[in-house]
There are 2 protein chains.
Amino acid sequence: MGSHAVSLLSGGLDSSTVTTIAKKEVENVNALTFFYGQSHSKEIDCAKVIAKLLEIEHTLVDISFMEKISWHSALMNPEKFPIPDNRNNIGMGFSIPITYVPLRNTIFVSLAASLLESNILSSIETDGENPKNIEALIYMAPNAIDYSGYPDCRPEFYERITETINLGSKIYTQYGISFQIKTPIIDLSKSDIARLAYKLSVPIEETWSCYRGKSIPCGECDSCVLRAKGFKEAKLVDPLVRQK
Amino acid sequence: MGSHAVSLLSGGLDSSTVTTIAKKEVENVNALTFFYGQSHSKEIDCAKVIAKLLEIEHTLVDISFMEKISWHSALMNPEKFPIPDNRNNIGMGFSIPITYVPLRNTIFVSLAASLLESNILSSIETDGENPKNIEALIYMAPNAIDYSGYPDCRPEFYERITETINLGSKIYTQYGISFQIKTPIIDLSKSDIARLAYKLSVPIEETWSCYRGKSIPCGECDSCVLRAKGFKEAKLVDPLVRQK
């Protein structure tokens, strides 16, 4: 059976590109999509379509509980903390912006690792797979633009949390399988990502990046501005914007 | 305002004792109780009563999503993986038992840290508290009996995850506040814990330890057997059992 992966798939351009890479590199890929009260169904529908097009298993998980836990954030609590229009200040601030969700990637890696460990334990203990043949891979889509702002998007964070999930897991402690976190676009600019998505035939027109839950991208939030800038610099057309 | 803590409170003897310690040591304590589909209301009711008696804030969070994520476990999926009667084999096995929940404590620490960071960011950014005066404390109740079996109950796991949540957080990166995880009963035996609970006037008769969701403790599951053994060795009466 070989390698197992869980790939976090929000339905955006970045995670769709990363999940396409996972599908090319790993035998058993399980896409994992989180949704919560504030999520718009548009984003979740996009994730479903991408997973279906890639022909991979898809787990959808309601993480509405995060609104009570990670409440001090514009992404969790937009009525209390409005999402800023930030067109002139992308990644340039010295302070971490209010769109930071407390410990979000720590939580997301933990959940991805738990699903991956469950899948692998089942392969070993139920299906009799040999642990020596198994790799445990988590695919995620942080990138350079993010980690100028968010502490949990930096490479050193991913190194440290890999050590932590190894120490805390049965697959490592009992079966000697090390987790690996793959962040294949961490050093890419948005224009690199746009080029890569074209090269890998990612279904770009099915992806969704806008922070706001309207029927078409708002064009004004951080995420829309970054995406538009990326395609423009890559001299490529964004088929999502074109089709509207 | 000073120190802030989140204390994980399941409603059992161990976490009730630890939360009582948190209340004695820290100014602002927020108890955090997780429940999910399999939880019995008995356990949650006990946690509510303990938090009320200790006069601390209490956050109850539905983590039913874990049944989809951490599915390879007797505690998440008892129909597929029955909970073993383990009276003659407490902590003696070489393999990690099926009651292990994949990456459970990694997930629980991440969630506790996210709530704690939200509370602290609010104190700093809304209430104007000086970061220099703030400590960030997470109280948890792993103990020596557990960590002979579960990898995520070992002291080295807690050291490593503390480094991880520091690296991934805004309160550390921007405000210089280090998380500390307090595991005050980690080296205690169950009889030590029973003695400590008596000494601290923990409302023992309001706590609940049984894995099975009946109206009275089953007396047969790992947790009941360990608890009974602890009180017996401490030469103390368990008021929960006595009252039934």
# chains A, B, ... in the order shown; residues from 1 in each chain; ligands from 1
$ residues_around --residues "Ser70 in chain B" --least-positions-apart "5" --cutoff "10 Å" --atoms "only C-alpha atoms" --output "ChimeraX atom specification"
/A:111-119 /B:65,75-77,100-104
$ closest_atom_pairs --of "chain A" --to "chain B" --cutoff "9 Å" --atoms "only C-alpha atoms" --output "tab-separated table"
residue	atom	partner	partner_atom	distance
A:Thr59	CA	B:Lys68	CA	7.9
A:Leu60	CA	B:Lys68	CA	8.7
A:Val61	CA	B:Phe65	CA	6.1
A:Asp62	CA	B:Phe65	CA	6.3
A:Ile63	CA	B:Phe65	CA	6.9
A:Ser64	CA	B:Asp62	CA	8.7
A:Phe65	CA	B:Val61	CA	6.1
A:Met66	CA	B:Leu111	CA	8.3
A:Lys68	CA	B:Val61	CA	7.4
A:Ile69	CA	B:Leu115	CA	4.5
A:Ser70	CA	B:Ser114	CA	5.4
A:Trp71	CA	B:Ser118	CA	6.0
A:His72	CA	B:Ser118	CA	4.8
A:Ser73	CA	B:Ser118	CA	8.0
A:Phe94	CA	B:Gln174	CA	8.9
A:Ser95	CA	B:Gln174	CA	7.0
A:Ile96	CA	B:Lys170	CA	6.9
A:Tyr100	CA	B:Lys170	CA	8.2
A:Val101	CA	B:Ser114	CA	8.3
A:Pro102	CA	B:Ser114	CA	5.1
A:Leu103	CA	B:Ser114	CA	5.3
A:Arg104	CA	B:Ser114	CA	7.6
A:Asn105	CA	B:Gly168	CA	7.6
A:Thr106	CA	B:Ser110	CA	6.0
A:Ile107	CA	B:Ser110	CA	5.4
A:Phe108	CA	B:Ile107	CA	8.8
A:Val109	CA	B:Ile107	CA	8.9
A:Ser110	CA	B:Ile107	CA	5.4
A:Leu111	CA	B:Ile69	CA	6.6
A:Ala112	CA	B:Ile69	CA	7.7
A:Ala113	CA	B:Leu103	CA	7.2
A:Ser114	CA	B:Pro102	CA	5.1
A:Leu115	CA	B:Ile69	CA	4.5
A:Leu116	CA	B:Ile69	CA	8.3
A:Glu117	CA	B:Pro102	CA	6.2
A:Ser118	CA	B:His72	CA	4.8
A:Asn119	CA	B:His72	CA	7.5
A:Leu121	CA	B:His72	CA	7.0
A:Ser122	CA	B:His72	CA	6.8
A:Tyr150	CA	B:Lys170	CA	7.9
A:Pro151	CA	B:Gly168	CA	5.0
A:Asp152	CA	B:Gly168	CA	4.1
A:Cys153	CA	B:Gly168	CA	7.7
A:Arg154	CA	B:Gly168	CA	8.3
A:Glu156	CA	B:Leu167	CA	7.9
A:Phe157	CA	B:Leu167	CA	5.8
A:Tyr158	CA	B:Thr164	CA	8.6
A:Glu159	CA	B:Thr164	CA	9.0
A:Arg160	CA	B:Thr164	CA	5.6
A:Ile161	CA	B:Thr164	CA	5.5
A:Glu163	CA	B:Arg160	CA	7.4
A:Thr164	CA	B:Ile161	CA	5.6
A:Ile165	CA	B:Thr106	CA	7.1
A:Leu167	CA	B:Phe157	CA	5.8
A:Gly168	CA	B:Asp152	CA	4.1
A:Ser169	CA	B:Leu103	CA	5.8
A:Lys170	CA	B:Pro151	CA	6.6
A:Thr173	CA	B:Pro151	CA	6.8
A:Gln174	CA	B:Ser95	CA	7.0
$ select_by_dssp --residues "range 18-192 of chain B" --states "alpha helix (DSSP H)" --output "MDAnalysis selection string"
chainID B and resid 18:25 41:54 66:69 104:125 144:147 155:167 170:173 190:192
$ atom_distance --atom1 "CA of Thr99 in chain A" --atom2 "CA of Ser7 in chain B"
26.1 Å
$ select_by_dssp --residues "range 12-84 of chain B" --states "strand (DSSP E)" --output "PDB file with N, CA and C atoms, in the first residue's frame"
ATOM      1  N   ASN B  28      -6.694  34.412  36.918  1.00  0.00           N
ATOM      2  CA  ASN B  28      -7.788  34.227  35.952  1.00  0.00           C
ATOM      3  C   ASN B  28      -7.764  32.810  35.400  1.00  0.00           C
ATOM      4  N   VAL B  29      -8.656  31.985  35.885  1.00  0.00           N
ATOM      5  CA  VAL B  29      -8.685  30.593  35.418  1.00  0.00           C
ATOM      6  C   VAL B  29      -9.944  30.364  34.583  1.00  0.00           C
ATOM      7  N   ASN B  30      -9.744  29.767  33.423  1.00  0.00           N
ATOM      8  CA  ASN B  30     -10.838  29.403  32.529  1.00  0.00           C
ATOM      9  C   ASN B  30     -10.800  27.874  32.400  1.00  0.00           C
ATOM     10  N   ALA B  31     -11.789  27.196  32.984  1.00  0.00           N
ATOM     11  CA  ALA B  31     -11.849  25.738  32.809  1.00  0.00           C
ATOM     12  C   ALA B  31     -12.361  25.445  31.404  1.00  0.00           C
ATOM     13  N   LEU B  32     -11.838  24.384  30.805  1.00  0.00           N
ATOM     14  CA  LEU B  32     -12.230  24.014  29.443  1.00  0.00           C
ATOM     15  C   LEU B  32     -12.608  22.539  29.428  1.00  0.00           C
ATOM     16  N   THR B  33     -13.875  22.271  29.074  1.00  0.00           N
ATOM     17  CA  THR B  33     -14.377  20.895  29.035  1.00  0.00           C
ATOM     18  C   THR B  33     -14.759  20.529  27.608  1.00  0.00           C
ATOM     19  N   PHE B  34     -14.235  19.423  27.141  1.00  0.00           N
ATOM     20  CA  PHE B  34     -14.583  18.906  25.818  1.00  0.00           C
ATOM     21  C   PHE B  34     -15.647  17.830  25.957  1.00  0.00           C
ATOM     22  N   PHE B  35     -16.638  17.854  25.083  1.00  0.00           N
ATOM     23  CA  PHE B  35     -17.575  16.727  25.032  1.00  0.00           C
ATOM     24  C   PHE B  35     -17.827  16.352  23.580  1.00  0.00           C
ATOM     25  N   GLU B  57     -14.477  30.675  35.377  1.00  0.00           N
ATOM     26  CA  GLU B  57     -15.134  30.670  34.075  1.00  0.00           C
ATOM     27  C   GLU B  57     -15.062  29.266  33.485  1.00  0.00           C
ATOM     28  N   HIS B  58     -16.096  28.881  32.719  1.00  0.00           N
ATOM     29  CA  HIS B  58     -16.145  27.527  32.201  1.00  0.00           C
ATOM     30  C   HIS B  58     -16.555  27.555  30.730  1.00  0.00           C
ATOM     31  N   THR B  59     -15.723  26.996  29.868  1.00  0.00           N
ATOM     32  CA  THR B  59     -16.034  26.903  28.444  1.00  0.00           C
ATOM     33  C   THR B  59     -16.264  25.438  28.094  1.00  0.00           C
ATOM     34  N   LEU B  60     -17.433  25.166  27.551  1.00  0.00           N
ATOM     35  CA  LEU B  60     -17.800  23.805  27.138  1.00  0.00           C
ATOM     36  C   LEU B  60     -17.745  23.743  25.628  1.00  0.00           C
ATOM     37  N   VAL B  61     -17.025  22.781  25.083  1.00  0.00           N
ATOM     38  CA  VAL B  61     -16.825  22.737  23.640  1.00  0.00           C
ATOM     39  C   VAL B  61     -17.170  21.357  23.073  1.00  0.00           C
ATOM     40  N   ASP B  62     -18.013  21.369  22.062  1.00  0.00           N
ATOM     41  CA  ASP B  62     -18.411  20.134  21.385  1.00  0.00           C
ATOM     42  C   ASP B  62     -17.321  19.735  20.387  1.00  0.00           C
TER      43      ASP B  62
END
$ residues_around --residues "Lys235 in chain B" --least-positions-apart "5" --cutoff "12 Å" --atoms "only C-alpha atoms" --output "list in words"
Lys190, Ser191, Asp192, Ala194, Arg195, Tyr198, Ala228, Lys229 and Gly230 of chain B
$ closest_residue --among "A:Tyr211, A:Thr126, A:Tyr36, A:Glu205" --to "Phe81 in chain B" --atoms "only C-alpha atoms"
A:Thr126
$ residues_around --residues "Gly12 in chain A" --least-positions-apart "4" --cutoff "12 Å" --atoms "only C-alpha atoms" --output "PyMOL selection string"
chain A and resi 8+16-19+33+42-50+140-142+193-194+197+202-211+217+223-224+227+240
$ write_last_selection --atoms "N, CA and C atoms" --output "mmCIF file, in the first residue's frame"
data_model
loop_
_atom_site.group_PDB
_atom_site.id
_atom_site.type_symbol
_atom_site.label_atom_id
_atom_site.label_comp_id
_atom_site.auth_asym_id
_atom_site.auth_seq_id
_atom_site.Cartn_x
_atom_site.Cartn_y
_atom_site.Cartn_z
ATOM 1 N N LEU A 8 -4.508 19.191 3.476
ATOM 2 C CA LEU A 8 -5.514 20.177 3.887
ATOM 3 C C LEU A 8 -5.992 20.944 2.658
ATOM 4 N N SER A 16 -5.434 23.886 -3.276
ATOM 5 C CA SER A 16 -5.787 23.029 -4.417
ATOM 6 C C SER A 16 -4.532 22.646 -5.199
ATOM 7 N N THR A 17 -3.599 23.578 -5.311
ATOM 8 C CA THR A 17 -2.327 23.291 -5.989
ATOM 9 C C THR A 17 -1.539 22.253 -5.183
ATOM 10 N N VAL A 18 -1.485 22.446 -3.868
ATOM 11 C CA VAL A 18 -0.740 21.520 -3.006
ATOM 12 C C VAL A 18 -1.377 20.125 -3.019
ATOM 13 N N THR A 19 -2.706 20.073 -3.019
ATOM 14 C CA THR A 19 -3.377 18.769 -3.024
ATOM 15 C C THR A 19 -3.156 18.055 -4.362
ATOM 16 N N THR A 33 -11.050 18.886 4.694
ATOM 17 C CA THR A 33 -11.582 20.247 4.614
ATOM 18 C C THR A 33 -12.288 20.608 5.913
ATOM 19 N N LYS A 42 -19.922 28.160 -0.781
ATOM 20 C CA LYS A 42 -19.145 28.299 -2.014
ATOM 21 C C LYS A 42 -17.766 27.631 -1.871
ATOM 22 N N GLU A 43 -17.099 27.974 -0.760
ATOM 23 C CA GLU A 43 -15.744 27.494 -0.500
ATOM 24 C C GLU A 43 -15.738 25.969 -0.323
ATOM 25 N N ILE A 44 -16.737 25.462 0.437
ATOM 26 C CA ILE A 44 -16.814 24.025 0.701
ATOM 27 C C ILE A 44 -17.154 23.273 -0.585
ATOM 28 N N ASP A 45 -18.068 23.845 -1.364
ATOM 29 C CA ASP A 45 -18.426 23.210 -2.645
ATOM 30 C C ASP A 45 -17.205 23.113 -3.556
ATOM 31 N N CYS A 46 -16.384 24.161 -3.562
ATOM 32 C CA CYS A 46 -15.164 24.141 -4.379
ATOM 33 C C CYS A 46 -14.247 23.006 -3.928
ATOM 34 N N ALA A 47 -14.084 22.845 -2.618
ATOM 35 C CA ALA A 47 -13.220 21.777 -2.103
ATOM 36 C C ALA A 47 -13.742 20.411 -2.534
ATOM 37 N N LYS A 48 -15.067 20.249 -2.481
ATOM 38 C CA LYS A 48 -15.672 18.969 -2.899
ATOM 39 C C LYS A 48 -15.371 18.683 -4.368
ATOM 40 N N VAL A 49 -15.525 19.701 -5.200
ATOM 41 C CA VAL A 49 -15.301 19.520 -6.643
ATOM 42 C C VAL A 49 -13.843 19.159 -6.906
ATOM 43 N N ILE A 50 -12.928 19.868 -6.250
ATOM 44 C CA ILE A 50 -11.486 19.607 -6.446
ATOM 45 C C ILE A 50 -11.160 18.157 -6.064
ATOM 46 N N MET A 140 0.430 20.756 3.329
ATOM 47 C CA MET A 140 -0.199 22.022 3.710
ATOM 48 C C MET A 140 0.284 23.139 2.789
ATOM 49 N N ALA A 141 -0.454 24.247 2.802
ATOM 50 C CA ALA A 141 -0.199 25.280 1.808
ATOM 51 C C ALA A 141 0.195 26.659 2.360
ATOM 52 N N PRO A 142 0.993 26.712 3.417
ATOM 53 C CA PRO A 142 1.458 28.052 3.797
ATOM 54 C C PRO A 142 2.417 28.552 2.717
ATOM 55 N N ILE A 193 2.980 30.548 -7.738
ATOM 56 C CA ILE A 193 1.890 29.592 -7.494
ATOM 57 C C ILE A 193 0.926 29.573 -8.682
ATOM 58 N N ALA A 194 0.614 30.754 -9.206
ATOM 59 C CA ALA A 194 -0.274 30.833 -10.372
ATOM 60 C C ALA A 194 0.344 30.058 -11.544
ATOM 61 N N ALA A 197 0.186 26.308 -10.800
ATOM 62 C CA ALA A 197 -1.182 25.795 -10.931
ATOM 63 C C ALA A 197 -1.514 25.552 -12.405
ATOM 64 N N VAL A 202 -4.105 22.347 -12.414
ATOM 65 C CA VAL A 202 -5.056 22.506 -11.309
ATOM 66 C C VAL A 202 -6.333 23.143 -11.880
ATOM 67 N N PRO A 203 -7.505 22.648 -11.498
ATOM 68 C CA PRO A 203 -8.747 23.277 -12.004
ATOM 69 C C PRO A 203 -8.985 24.636 -11.335
ATOM 70 N N ILE A 204 -8.239 25.613 -11.808
ATOM 71 C CA ILE A 204 -8.188 26.934 -11.148
ATOM 72 C C ILE A 204 -9.564 27.583 -11.054
ATOM 73 N N GLU A 205 -10.376 27.384 -12.118
ATOM 74 C CA GLU A 205 -11.694 28.039 -12.132
ATOM 75 C C GLU A 205 -12.627 27.460 -11.063
ATOM 76 N N GLU A 206 -12.250 26.312 -10.486
ATOM 77 C CA GLU A 206 -13.060 25.715 -9.405
ATOM 78 C C GLU A 206 -12.569 26.116 -8.013
ATOM 79 N N THR A 207 -11.488 26.868 -7.932
ATOM 80 C CA THR A 207 -10.950 27.255 -6.617
ATOM 81 C C THR A 207 -11.584 28.561 -6.138
ATOM 82 N N TRP A 208 -11.442 28.825 -4.850
ATOM 83 C CA TRP A 208 -12.055 30.010 -4.265
ATOM 84 C C TRP A 208 -11.120 30.574 -3.197
ATOM 85 N N SER A 209 -10.814 31.866 -3.278
ATOM 86 C CA SER A 209 -9.854 32.445 -2.336
ATOM 87 C C SER A 209 -10.433 33.558 -1.457
ATOM 88 N N CYS A 210 -11.526 34.176 -1.892
ATOM 89 C CA CYS A 210 -12.036 35.390 -1.224
ATOM 90 C C CYS A 210 -12.441 35.129 0.232
ATOM 91 N N TYR A 211 -12.034 36.042 1.129
ATOM 92 C CA TYR A 211 -12.411 35.949 2.548
ATOM 93 C C TYR A 211 -13.906 36.189 2.764
ATOM 94 N N PRO A 217 -15.906 36.879 -6.177
ATOM 95 C CA PRO A 217 -14.840 37.399 -5.311
ATOM 96 C C PRO A 217 -14.968 38.909 -5.142
ATOM 97 N N SER A 223 -6.946 38.490 0.526
ATOM 98 C CA SER A 223 -6.798 37.280 -0.250
ATOM 99 C C SER A 223 -7.053 37.535 -1.737
ATOM 100 N N CYS A 224 -8.104 38.294 -2.044
ATOM 101 C CA CYS A 224 -8.393 38.641 -3.443
ATOM 102 C C CYS A 224 -7.269 39.481 -4.041
ATOM 103 N N ARG A 227 -4.195 37.363 -4.721
ATOM 104 C CA ARG A 227 -4.428 36.455 -5.855
ATOM 105 C C ARG A 227 -4.343 37.210 -7.190
ATOM 106 N N LEU A 240 -11.093 32.170 -12.786
ATOM 107 C CA LEU A 240 -12.200 32.388 -11.843
ATOM 108 C C LEU A 240 -12.765 33.796 -12.026
#
$ atom_distance --atom1 "CA of Pro155 in chain B" --atom2 "CA of Gln180 in chain A"
22.7 Å
$ atom_distance --atom1 "CA of Ser178 in chain A" --atom2 "CA of Ala136 in chain A"
6.6 Å
